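Pasting query14.cif here (mmCIF, C-alpha atoms and all ligand atoms):
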data_input
loop_
_atom_site.label_atom_id
_atom_site.label_comp_id
_atom_site.auth_asym_id
_atom_site.auth_seq_id
_atom_site.Cartn_x
_atom_site.Cartn_y
_atom_site.Cartn_z
CA MET U 1 24.39 59.43 3.94
CA SER U 2 24.16 56.10 2.12
CA TRP U 3 22.93 52.84 3.62
CA GLN U 4 26.46 51.56 3.48
CA HIS U 5 27.77 54.57 5.36
CA ARG U 6 25.06 54.43 8.02
CA ILE U 7 25.75 50.78 8.73
CA THR U 8 29.54 51.09 8.77
CA GLN U 9 29.31 54.04 11.14
CA ALA U 10 26.93 52.29 13.56
CA LEU U 11 29.17 49.22 13.67
CA ALA U 12 32.28 51.34 14.29
CA GLN U 13 30.56 53.17 17.15
CA ARG U 14 29.44 49.91 18.72
CA ARG U 15 33.00 48.53 18.64
CA ALA U 16 34.53 51.73 19.98
CA ALA U 17 32.17 51.72 22.98
CA ASP U 18 33.15 48.14 23.97
CA GLY U 19 29.58 47.32 23.14
CA TRP U 20 30.12 44.69 20.47
CA ARG U 21 27.74 41.78 20.87
CA GLN U 22 28.65 38.31 19.88
CA ARG U 23 26.86 35.01 19.62
CA HIS U 24 28.63 31.86 20.74
CA ILE U 25 27.97 28.43 19.36
CA THR U 26 27.15 26.24 22.34
CA GLU U 27 28.12 22.64 21.85
CA GLU U 28 26.21 21.56 24.95
CA ASN U 29 23.85 23.65 27.07
CA HIS U 30 22.41 21.74 30.02
CA THR U 31 21.17 24.56 32.28
CA ARG U 32 23.99 24.27 34.83
CA SER U 33 26.75 23.50 32.37
CA LEU U 34 27.74 24.82 28.99
CA THR U 35 30.37 23.77 26.47
CA LEU U 36 31.87 26.32 24.09
CA ALA U 37 34.82 25.74 21.76
CA GLY U 38 35.55 22.46 23.50
CA LYS U 39 35.65 23.96 27.00
CA ARG U 40 33.09 23.14 29.66
CA TYR U 41 31.81 25.85 32.03
CA ARG U 42 29.42 26.10 34.96
CA HIS U 43 26.59 28.07 33.46
CA PHE U 44 25.19 31.17 35.21
CA SER U 45 23.46 32.89 32.30
CA SER U 46 20.45 30.71 31.70
CA ASN U 47 16.81 31.71 32.16
CA ASP U 48 15.89 28.04 32.44
CA TYR U 49 15.22 28.64 36.14
CA LEU U 50 13.82 25.21 36.94
CA GLY U 51 15.95 23.22 34.49
CA LEU U 52 12.84 22.14 32.57
CA SER U 53 14.47 22.54 29.14
CA GLN U 54 16.30 19.30 29.95
CA HIS U 55 13.49 17.54 31.82
CA PRO U 56 12.71 14.06 30.43
CA ALA U 57 8.95 14.62 30.78
CA VAL U 58 9.09 17.87 28.78
CA ILE U 59 11.27 16.34 26.07
CA ALA U 60 8.95 13.33 25.93
CA GLY U 61 6.00 15.73 25.69
CA TRP U 62 7.51 17.35 22.62
CA GLN U 63 8.20 13.93 21.06
CA ARG U 64 4.69 12.71 21.80
CA GLY U 65 3.27 15.89 20.30
CA ALA U 66 5.31 15.41 17.14
CA ASP U 67 4.09 11.82 16.86
CA ILE U 68 0.49 13.01 17.15
CA ALA U 69 0.60 16.18 15.05
CA GLY U 70 3.85 16.31 13.07
CA ALA U 71 6.54 18.96 13.10
CA GLY U 72 4.58 22.13 12.43
CA ALA U 73 1.12 23.69 12.56
CA GLY U 74 0.93 24.21 8.80
CA ALA U 75 -1.14 27.38 8.99
CA SER U 76 -2.23 30.23 11.23
CA SER U 77 -4.70 29.36 13.98
CA HIS U 78 -7.54 30.95 12.08
CA VAL U 79 -7.00 28.79 9.02
CA THR U 80 -6.27 25.23 10.11
CA GLY U 81 -3.28 25.60 12.47
CA PHE U 82 -5.22 25.34 15.74
CA ASN U 83 -4.96 21.83 17.13
CA ARG U 84 -6.50 20.04 20.12
CA LEU U 85 -3.05 20.29 21.76
CA HIS U 86 -3.20 24.12 21.56
CA ALA U 87 -6.78 24.23 22.81
CA ASP U 88 -6.01 22.00 25.78
CA LEU U 89 -2.96 24.05 26.73
CA GLU U 90 -4.96 27.30 26.57
CA ALA U 91 -7.65 25.82 28.79
CA GLN U 92 -5.10 24.51 31.31
CA LEU U 93 -3.32 27.88 31.50
CA ALA U 94 -6.55 29.82 31.98
CA ASP U 95 -7.70 27.44 34.68
CA TRP U 96 -4.33 27.48 36.48
CA LEU U 97 -4.08 31.26 36.55
CA GLY U 98 -7.73 32.00 37.26
CA TYR U 99 -8.68 33.70 33.99
CA SER U 100 -11.49 32.83 31.63
CA ARG U 101 -9.20 32.70 28.61
CA ALA U 102 -5.62 32.22 27.45
CA LEU U 103 -4.35 32.90 23.93
CA LEU U 104 -1.07 31.43 22.70
CA PHE U 105 1.60 33.46 20.91
CA ILE U 106 4.85 32.27 19.37
CA SER U 107 6.97 34.41 21.69
CA GLY U 108 6.79 36.90 24.52
CA PHE U 109 8.10 39.54 22.18
CA ALA U 110 5.26 38.87 19.74
CA ALA U 111 2.65 38.81 22.52
CA ASN U 112 3.71 42.19 23.90
CA GLN U 113 3.81 43.72 20.44
CA ALA U 114 0.38 42.28 19.68
CA VAL U 115 -1.27 43.48 22.88
CA ILE U 116 -0.03 47.05 22.64
CA HIS U 117 -0.46 47.25 18.87
CA LEU U 118 -4.09 46.25 19.09
CA LEU U 119 -5.14 48.17 22.20
CA ALA U 120 -3.33 51.50 21.94
CA GLU U 121 -5.14 54.04 19.79
CA LYS U 122 -4.77 57.76 19.15
CA ASN U 123 -5.52 59.89 22.25
CA ASP U 124 -4.80 56.95 24.54
CA ARG U 125 -1.80 56.89 26.80
CA ILE U 126 0.58 54.19 27.93
CA LEU U 127 2.29 54.61 31.29
CA ALA U 128 5.19 52.19 31.43
CA ASP U 129 7.84 51.45 34.02
CA LYS U 130 11.09 52.97 32.86
CA LEU U 131 12.83 49.59 32.87
CA ALA U 132 10.10 47.68 31.05
CA HIS U 133 11.32 45.18 28.46
CA ALA U 134 12.25 46.34 24.95
CA SER U 135 9.28 44.46 23.47
CA LEU U 136 6.89 46.60 25.56
CA LEU U 137 8.61 49.95 25.17
CA ASP U 138 9.18 49.50 21.43
CA ALA U 139 5.55 48.63 20.83
CA ALA U 140 4.42 51.55 22.96
CA SER U 141 6.67 54.07 21.24
CA HIS U 142 5.55 52.85 17.80
CA SER U 143 1.88 53.04 18.76
CA PRO U 144 -0.31 56.08 18.11
CA ALA U 145 -0.82 56.44 21.86
CA GLN U 146 1.25 58.75 23.99
CA LEU U 147 4.02 56.94 25.90
CA ARG U 148 5.04 58.23 29.33
CA ARG U 149 7.48 56.31 31.48
CA PHE U 150 7.30 56.33 35.26
CA SER U 151 10.28 55.86 37.60
CA HIS U 152 11.20 52.25 38.17
CA ASN U 153 8.87 50.50 40.66
CA ASP U 154 7.74 53.91 41.91
CA SER U 155 4.00 54.09 42.45
CA HIS U 156 4.24 57.78 43.42
CA SER U 157 5.76 58.55 40.06
CA LEU U 158 2.92 56.58 38.47
CA ALA U 159 0.36 58.50 40.55
CA THR U 160 1.76 61.82 39.31
CA ARG U 161 1.35 60.71 35.72
CA LEU U 162 -2.12 59.27 36.31
CA ALA U 163 -3.21 62.60 37.79
CA VAL U 164 -2.75 64.28 34.41
CA PRO U 165 -6.08 64.12 32.55
CA CYS U 166 -6.22 62.02 29.37
CA GLU U 167 -8.83 62.11 26.61
CA GLY U 168 -8.56 58.44 25.74
CA GLU U 169 -7.91 55.21 27.62
CA THR U 170 -4.97 54.54 29.94
CA LEU U 171 -2.83 51.41 29.84
CA VAL U 172 -0.34 50.92 32.66
CA VAL U 173 2.51 48.55 31.81
CA THR U 174 4.94 46.82 34.12
CA GLU U 175 6.67 43.51 34.79
CA GLY U 176 6.37 41.05 37.65
CA ILE U 177 10.12 40.54 38.08
CA PHE U 178 12.44 42.79 36.09
CA SER U 179 14.78 41.02 33.72
CA MET U 180 17.94 43.07 34.26
CA ASP U 181 17.54 44.05 37.94
CA GLY U 182 15.76 41.00 39.32
CA ASP U 183 13.50 43.08 41.57
CA SER U 184 9.71 42.82 41.84
CA ALA U 185 7.12 45.46 41.00
CA PRO U 186 4.78 46.72 43.76
CA LEU U 187 1.86 45.26 41.84
CA ARG U 188 -0.74 45.80 44.57
CA ASP U 189 -0.14 49.59 44.62
CA ILE U 190 0.12 49.83 40.88
CA ALA U 191 -3.09 47.85 40.35
CA ASP U 192 -5.02 49.95 42.90
CA GLN U 193 -3.93 53.20 41.34
CA THR U 194 -4.64 52.01 37.85
CA ARG U 195 -8.13 50.91 38.82
CA ARG U 196 -8.86 54.24 40.54
CA ALA U 197 -7.86 56.04 37.34
CA GLU U 198 -10.12 53.65 35.35
CA GLY U 199 -7.17 52.39 33.39
CA TRP U 200 -6.13 48.85 32.55
CA LEU U 201 -3.03 47.09 33.76
CA LEU U 202 -0.73 44.93 31.62
CA VAL U 203 1.77 42.81 33.55
CA ASP U 204 4.53 40.91 31.75
CA ASP U 205 5.57 38.15 34.14
CA ALA U 206 8.25 36.52 31.99
CA HIS U 207 10.54 35.98 34.98
CA GLY U 208 7.97 35.31 37.70
CA ILE U 209 5.79 32.67 36.10
CA GLY U 210 6.71 29.18 37.24
CA VAL U 211 9.11 30.55 39.85
CA VAL U 212 7.12 32.47 42.46
CA GLY U 213 3.63 32.18 43.93
CA GLU U 214 1.71 29.10 44.96
CA GLN U 215 2.23 26.32 42.36
CA GLY U 216 4.47 28.73 40.47
CA ARG U 217 1.52 30.88 39.41
CA GLY U 218 3.74 33.94 39.30
CA SER U 219 4.09 37.45 40.63
CA CYS U 220 0.45 38.50 40.27
CA TRP U 221 -0.83 35.49 42.17
CA GLN U 222 1.85 36.06 44.82
CA GLN U 223 0.72 39.65 45.31
CA ALA U 224 -3.00 38.85 44.96
CA VAL U 225 -3.45 41.04 41.90
CA LYS U 226 -5.42 40.21 38.77
CA PRO U 227 -4.47 42.54 35.93
CA GLU U 228 -6.83 42.84 32.96
CA LEU U 229 -3.94 41.66 30.77
CA LEU U 230 -1.32 39.18 31.94
CA VAL U 231 1.44 38.03 29.61
CA VAL U 232 3.38 34.91 30.60
CA THR U 233 6.25 33.56 28.55
CA PHE U 234 7.53 30.01 28.10
CA GLY U 235 11.18 30.59 27.23
CA LYS U 236 12.25 30.95 30.85
CA ALA U 237 10.97 28.75 33.69
CA PHE U 238 8.89 26.65 31.27
CA GLY U 239 12.14 25.77 29.52
CA VAL U 240 10.56 25.86 26.05
CA SER U 241 9.42 28.92 24.08
CA GLY U 242 6.22 30.81 23.33
CA ALA U 243 3.86 32.95 25.39
CA ALA U 244 0.25 33.42 26.40
CA LEU U 245 -2.06 36.33 27.08
CA LEU U 246 -4.46 35.73 30.00
CA CYS U 247 -7.63 37.83 29.87
CA ASP U 248 -11.42 37.75 29.95
CA ASP U 249 -13.73 36.48 27.20
CA ALA U 250 -14.39 39.81 25.53
CA ILE U 251 -10.71 40.71 25.31
CA ALA U 252 -9.83 37.25 23.96
CA ASP U 253 -12.55 37.55 21.31
CA TYR U 254 -11.32 41.05 20.41
CA PHE U 255 -7.83 39.63 19.85
CA LEU U 256 -9.08 36.69 17.82
CA GLN U 257 -11.04 39.06 15.60
CA PHE U 258 -8.53 41.87 15.21
CA SER U 259 -4.99 40.96 16.29
CA ARG U 260 -2.84 40.85 13.17
CA HIS U 261 -0.09 39.03 15.08
CA LEU U 262 -2.48 36.14 15.63
CA ILE U 263 -4.25 36.17 12.29
CA TYR U 264 -1.30 36.57 9.94
CA SER U 265 1.25 34.33 11.62
CA THR U 266 1.71 30.55 11.69
CA ALA U 267 0.51 28.95 14.91
CA MET U 268 3.02 27.52 17.38
CA PRO U 269 3.89 23.90 16.46
CA PRO U 270 1.32 21.67 18.18
CA ALA U 271 4.19 19.49 19.44
CA GLN U 272 5.45 22.53 21.32
CA ALA U 273 2.03 22.98 22.91
CA CYS U 274 2.28 19.37 24.03
CA ALA U 275 5.76 19.99 25.51
CA LEU U 276 4.33 23.05 27.28
CA GLN U 277 1.55 20.97 28.81
CA ALA U 278 4.22 18.67 30.22
CA ALA U 279 6.22 21.67 31.49
CA LEU U 280 3.10 23.12 33.11
CA GLN U 281 2.57 19.88 34.97
CA GLN U 282 6.16 19.94 36.25
CA ILE U 283 5.71 23.56 37.35
CA GLN U 284 2.47 22.79 39.18
CA GLN U 285 4.22 19.97 41.06
CA GLY U 286 7.47 21.92 41.25
CA ASP U 287 7.73 22.93 44.91
CA ALA U 288 10.92 20.90 45.34
CA LEU U 289 12.51 22.61 42.33
CA ARG U 290 11.51 26.05 43.60
CA GLN U 291 12.90 25.25 47.05
CA ARG U 292 16.21 24.20 45.51
CA LEU U 293 16.33 27.42 43.50
CA TYR U 294 15.63 29.52 46.60
CA ALA U 295 18.29 27.72 48.61
CA ASN U 296 20.78 28.52 45.81
CA ILE U 297 19.73 32.18 45.78
CA GLN U 298 20.22 32.44 49.55
CA ARG U 299 23.57 30.68 49.42
CA PHE U 300 24.76 33.00 46.68
CA ARG U 301 23.59 36.20 48.37
CA ALA U 302 25.17 35.25 51.68
CA GLY U 303 28.51 34.60 49.99
CA ALA U 304 28.40 37.62 47.66
CA ALA U 305 27.58 40.29 50.26
CA SER U 306 31.25 41.11 50.87
CA LEU U 307 32.19 41.51 47.19
CA PRO U 308 33.36 44.99 46.14
CA TRP U 309 30.72 45.32 43.42
CA LYS U 310 27.16 46.36 44.12
CA LEU U 311 24.86 43.37 44.44
CA MET U 312 21.35 44.46 43.46
CA GLN U 313 18.56 44.13 46.00
CA SER U 314 16.99 41.05 44.42
CA GLU U 315 15.30 38.01 45.87
CA SER U 316 14.85 36.39 42.49
CA ALA U 317 16.93 34.03 40.38
CA ILE U 318 18.39 37.11 38.69
CA GLN U 319 21.32 38.38 40.78
CA PRO U 320 22.97 41.32 39.02
CA LEU U 321 26.39 42.52 40.09
CA ILE U 322 26.87 46.12 38.98
CA VAL U 323 30.37 46.70 37.66
CA GLY U 324 29.95 50.09 35.93
CA GLY U 325 32.01 50.39 32.77
CA ASN U 326 31.61 48.20 29.69
CA ALA U 327 35.27 47.21 29.50
CA GLU U 328 35.37 46.33 33.21
CA ALA U 329 32.26 44.18 32.92
CA MET U 330 33.71 42.36 29.91
CA ALA U 331 37.02 41.84 31.72
CA LEU U 332 35.31 40.40 34.80
CA SER U 333 33.22 38.11 32.64
CA LYS U 334 36.44 36.92 30.96
CA THR U 335 38.19 36.34 34.31
CA LEU U 336 35.26 34.23 35.50
CA ALA U 337 35.28 32.26 32.25
CA ASP U 338 38.97 31.52 32.76
CA ALA U 339 37.97 30.17 36.18
CA GLY U 340 35.33 27.95 34.56
CA CYS U 341 32.20 30.03 35.19
CA TRP U 342 30.13 31.41 32.33
CA VAL U 343 28.44 34.70 33.28
CA SER U 344 27.36 37.12 30.58
CA ALA U 345 28.08 40.83 30.89
CA ILE U 346 25.10 43.05 30.10
CA ARG U 347 25.89 46.47 28.72
CA PRO U 348 24.02 49.56 27.53
CA PRO U 349 21.71 50.05 25.73
CA THR U 350 20.16 47.00 27.41
CA VAL U 351 20.86 48.68 30.79
CA PRO U 352 21.41 52.39 31.61
CA PRO U 353 24.86 53.82 30.74
CA GLY U 354 27.42 53.33 33.51
CA THR U 355 25.60 50.30 34.96
CA ALA U 356 27.18 47.51 32.93
CA ARG U 357 26.78 44.39 34.98
CA LEU U 358 27.20 40.69 35.31
CA ARG U 359 23.75 39.23 35.12
CA ILE U 360 24.13 36.12 37.23
CA THR U 361 21.19 33.76 36.97
CA LEU U 362 20.72 30.85 39.30
CA THR U 363 18.62 27.79 38.66
CA ALA U 364 17.23 24.76 40.47
CA ALA U 365 19.68 22.65 38.48
CA HIS U 366 22.72 24.17 40.19
CA THR U 367 24.24 22.28 43.09
CA PRO U 368 25.52 24.05 46.24
CA GLU U 369 29.04 23.24 44.94
CA ASP U 370 28.28 25.15 41.72
CA ILE U 371 27.32 28.21 43.75
CA ASP U 372 30.45 27.92 45.88
CA LEU U 373 32.64 27.65 42.80
CA LEU U 374 31.13 30.84 41.40
CA LEU U 375 31.60 32.66 44.72
CA GLU U 376 35.21 31.52 44.91
CA ALA U 377 35.87 32.76 41.35
CA LEU U 378 34.26 36.12 42.17
CA HIS U 379 36.27 36.56 45.39
CA ASP U 380 39.47 35.62 43.54
CA ALA U 381 38.68 38.19 40.84
CA ALA U 382 37.99 40.82 43.50
CA GLY U 383 41.33 40.10 45.17
CA ARG U 384 43.33 40.87 42.03
C1 LIG L 1 12.37 37.37 27.71
C2 LIG L 1 11.36 38.46 27.87
C3 LIG L 1 10.41 38.72 26.88
C4 LIG L 1 10.47 38.07 25.54
O1 LIG L 1 9.98 36.80 25.58
P1 LIG L 1 10.38 35.77 24.44
O2 LIG L 1 9.41 34.69 24.60
O3 LIG L 1 11.79 35.39 24.71
O4 LIG L 1 10.24 36.50 23.14
C5 LIG L 1 9.42 39.63 27.15
N1 LIG L 1 9.39 40.30 28.32
C6 LIG L 1 10.30 40.09 29.27
C7 LIG L 1 10.22 40.85 30.55
C8 LIG L 1 11.33 39.19 29.07
O5 LIG L 1 12.26 39.00 30.00
#
Write out the structure in this file as C-alpha cells.
Amino acid sequence: MSWQHRITQALAQRRAADGWRQRHITEENHTRSLTLAGKRYRHFSSNDYLGLSQHPAVIAGWQRGADIAGAGAGASSHVTGFNRLHADLEAQLADWLGYSRALLFISGFAANQAVIHLLAEKNDRILADKLAHASLLDAASHSPAQLRRFSHNDSHSLATRLAVPCEGETLVVTEGIFSMDGDSAPLRDIADQTRRAEGWLLVDDAHGIGVVGEQGRGSCWQQAVKPELLVVTFGKAFGVSGAALLCDDAIADYFLQFSRHLIYSTAMPPAQACALQAALQQIQQGDALRQRLYANIQRFRAGAASLPWKLMQSESAIQPLIVGGNAEAMALSKTLADAGCWVSAIRPPTVPPGTARLRITLTAAHTPEDIDLLLEALHDAAGR
C-alpha cells in the first residue's frame, strides 16, 4: 500500500462514516456570539467559560506585556526565553493553588505529553480513566510503561487494577471535569486508593480550573485533594492559551533538568504570561462570573429535562445531549444553526461509537435570553 493509497482510503472512510471534520473561518467570536459566512449565531461551543478571552483587563495585559517584552520569547526558557513575566506568573499560580512550584508549558497537550513522557519508564504502569483526554492516552500508549484503562469515574475498577502487583511505579491519571461528558471525577476516592498503593496521581483539570472551587481553584481544591501532579490549562476559563504543571520542588527540578518538551521548545511569549496574570486576577475575583455561569447551567438543565435526547448528568458548563448516530447529530446541529444557535456535534472517535452528541457549552457571558433561545430551538427541533 502506498502513502497515496493509505491517505485516500482513510479520507474516503471518514467521509462515508459521516465523520468528516471541518474548520470554519469565524469572522467574529465573542464568547456568546459568533459570525460565520456573514451570519451571526448565539454561540454554545466555546470553552471560554468566564468570557475572559474578551475581557478588557486580559487584553490590556497582553498589550502591556508586548510593550514590555515584545512579541515573542526568542528562545527556550533554558537559553534566554524565561522572563520576569513568566517567573511572576509561575509564582502566582503556585501560591494560588497551594503548591511549591508551577512550570509553564505552551499548551495543555504539550504539558500532558511532557509529564507522561518524562515519568513513565519500562516496568511502570499507567492506570488511566477510560475517557481521559487524547493528550493523556496518546502519551501513555506511546510510553514504555504499561497502559491500563479503568472504567470511567469508577474507583472500584481502579481498585481492581491497583490490586495487581507491579514491578515499577504506578501513575494514576484522571481529569477533574471530563471534556466530553461534563461530569466530575471522584477525586477523593481515587487519591486515597492511589496513595494506599504508593502510586502518584496526575489530575488534568482543564475544565475545572477557574470554574469550580473557592476562588476558581478547580476540582482538586473543591474536593480537598492534592495530587502529586496537577495540570491546569489556560485555553478554557483563562480565555488565553498555555498550561502549567503544579508540583513540589524536586519534581519541578526533575522537569527542568530532563523534560525535553521544556528544554527544546520556545518559551511561551512573555506577553501571554502577562495576559495570564491578568486573567488569573479576574478568576480570583470572579465569584460574580461563576454565579452567572451557574445560573445559566441551572436554567438550561431545567428547560432541557423534557427533551427527547439524553441529557448527561452534568453540573458543569459542559452539557452534552446524546443523539446517537453521526448523521442525526449533524442534522440536529444544522437545524439549530438554522435557528441561529451554533452548537458543534461531537462524533467518534472523539466519543464512543453510537454516542454522537451535541456538546453544548454555557458561559458566564450568556444572558438568560440566550439560554431561552437555545431551549426554544431545541424544543422546536424535537417537535419536528
Ligand atoms: C483542552 C484539553 C487539553 C488540551 O489543552 P490545550 O491547552 O488546548 O492544548 C488537555 N486536557 C483536557 C482534558 C482538555 O480538555
Within 12 Å of file point (2.7, 33.0, 16.3), counting only C-alpha atoms, expressed as a PDB file with C-alpha atoms, in the coordinates of the input:
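Written output follows (part18.pdb):
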ATOM      1  CA  GLY U  72       4.580  22.130  12.430  1.00  0.00           C
ATOM      2  CA  ALA U  73       1.120  23.690  12.560  1.00  0.00           C
ATOM      3  CA  GLY U  74       0.930  24.210   8.800  1.00  0.00           C
ATOM      4  CA  ALA U  75      -1.140  27.380   8.990  1.00  0.00           C
ATOM      5  CA  SER U  76      -2.230  30.230  11.230  1.00  0.00           C
ATOM      6  CA  SER U  77      -4.700  29.360  13.980  1.00  0.00           C
ATOM      7  CA  HIS U  78      -7.540  30.950  12.080  1.00  0.00           C
ATOM      8  CA  GLY U  81      -3.280  25.600  12.470  1.00  0.00           C
ATOM      9  CA  PHE U  82      -5.220  25.340  15.740  1.00  0.00           C
ATOM     10  CA  HIS U  86      -3.200  24.120  21.560  1.00  0.00           C
ATOM     11  CA  LEU U 103      -4.350  32.900  23.930  1.00  0.00           C
ATOM     12  CA  LEU U 104      -1.070  31.430  22.700  1.00  0.00           C
ATOM     13  CA  PHE U 105       1.600  33.460  20.910  1.00  0.00           C
ATOM     14  CA  ILE U 106       4.850  32.270  19.370  1.00  0.00           C
ATOM     15  CA  SER U 107       6.970  34.410  21.690  1.00  0.00           C
ATOM     16  CA  GLY U 108       6.790  36.900  24.520  1.00  0.00           C
ATOM     17  CA  PHE U 109       8.100  39.540  22.180  1.00  0.00           C
ATOM     18  CA  ALA U 110       5.260  38.870  19.740  1.00  0.00           C
ATOM     19  CA  ALA U 111       2.650  38.810  22.520  1.00  0.00           C
ATOM     20  CA  ASN U 112       3.710  42.190  23.900  1.00  0.00           C
ATOM     21  CA  GLN U 113       3.810  43.720  20.440  1.00  0.00           C
ATOM     22  CA  ALA U 114       0.380  42.280  19.680  1.00  0.00           C
ATOM     23  CA  SER U 241       9.420  28.920  24.080  1.00  0.00           C
ATOM     24  CA  GLY U 242       6.220  30.810  23.330  1.00  0.00           C
ATOM     25  CA  ALA U 243       3.860  32.950  25.390  1.00  0.00           C
ATOM     26  CA  ALA U 244       0.250  33.420  26.400  1.00  0.00           C
ATOM     27  CA  SER U 259      -4.990  40.960  16.290  1.00  0.00           C
ATOM     28  CA  ARG U 260      -2.840  40.850  13.170  1.00  0.00           C
ATOM     29  CA  HIS U 261      -0.090  39.030  15.080  1.00  0.00           C
ATOM     30  CA  LEU U 262      -2.480  36.140  15.630  1.00  0.00           C
ATOM     31  CA  ILE U 263      -4.250  36.170  12.290  1.00  0.00           C
ATOM     32  CA  TYR U 264      -1.300  36.570   9.940  1.00  0.00           C
ATOM     33  CA  SER U 265       1.250  34.330  11.620  1.00  0.00           C
ATOM     34  CA  THR U 266       1.710  30.550  11.690  1.00  0.00           C
ATOM     35  CA  ALA U 267       0.510  28.950  14.910  1.00  0.00           C
ATOM     36  CA  MET U 268       3.020  27.520  17.380  1.00  0.00           C
ATOM     37  CA  PRO U 269       3.890  23.900  16.460  1.00  0.00           C
ATOM     38  CA  PRO U 270       1.320  21.670  18.180  1.00  0.00           C
ATOM     39  CA  GLN U 272       5.450  22.530  21.320  1.00  0.00           C
TER      40      GLN U 272
END
For Arg149 (chain U), list every protein, DNA or RNA residue within 8 Å, evaluated using all atoms listed in the file, and leave out those in the same chain fewer than 2 positions away; present the list as a compact mmCIF listing (two decimals) with C-alpha atoms, in the coordinates of the input.
# COMPACT_ATOMS: atom_id res chain seq x y z
CA LEU U 127 2.29 54.61 31.29
CA ALA U 128 5.19 52.19 31.43
CA ASP U 129 7.84 51.45 34.02
CA LYS U 130 11.09 52.97 32.86
CA LEU U 147 4.02 56.94 25.90
CA SER U 151 10.28 55.86 37.60
Contact residues around region 215-223 of chain U with all atoms listed in the file at 9 Å, ignoring same-chain residues under 5 positions, as JSON, numbers by chain: {"U": [96, 97, 175, 176, 177, 184, 185, 186, 187, 188, 203, 205, 206, 207, 208, 209, 210, 230, 232, 283, 284, 285, 286, 287, 290]}
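When all atoms listed in the file are used to measure the gap to ligand LIG 1 (chain L), the shortest distance among U:Leu137, U:Ile322, U:Ala337, U:Ile371 belongs to U:Leu137.
Closest approach to ligand LIG 1 (chain L) from the set U:Gly65, U:Gly19, U:Gly235, U:Gly168 is made by U:Gly235, with distances taken over only C-alpha atoms and all ligand atoms.
The space separating CA of Asn153 (chain U) from CA of Arg101 (chain U) comes to 28.1 Å.
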Judged by all atoms listed in the file, the minimum distance to ligand LIG 1 (chain L) among U:Ala132, U:Met1, U:Val323, U:Leu36 is found for U:Ala132
Could you tell me how far atom O1 of ligand LIG 1 (chain L) sits from CA of Ala10 (chain U), in Å to one decimal place?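 Computed distance, CA of Ala10 (chain U) to atom O1 of ligand LIG 1 (chain L), equals 25.9 Å.
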Please measure the separation of CA of Gly38 (chain U) and CA of Thr361 (chain U), giving the value in Å to one decimal.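 Atom-to-atom, CA of Gly38 (chain U) to CA of Thr361 (chain U), that is 22.7 Å.
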The centre and edge lengths of an axis-aligned box containing all atoms of ligand LIG 1 (chain L) present in the file, extended by 3 Å on each side, are to be given in Å to one decimal, as JSON.
{"center_x": 10.9, "center_y": 37.8, "center_z": 26.8, "size_x": 9.0, "size_y": 12.2, "size_z": 13.4}
Kindly extract all protein, DNA and RNA residues lying within 12 Å of the coordinates (31.3, 23.9, 40.8) given in the file, considering only C-alpha atoms, and supply them as JSON, numbers by chain. {"U": [32, 33, 40, 41, 42, 43, 44, 339, 340, 341, 342, 365, 366, 367, 368, 369, 370, 371, 372, 373, 374, 375, 376, 377]}
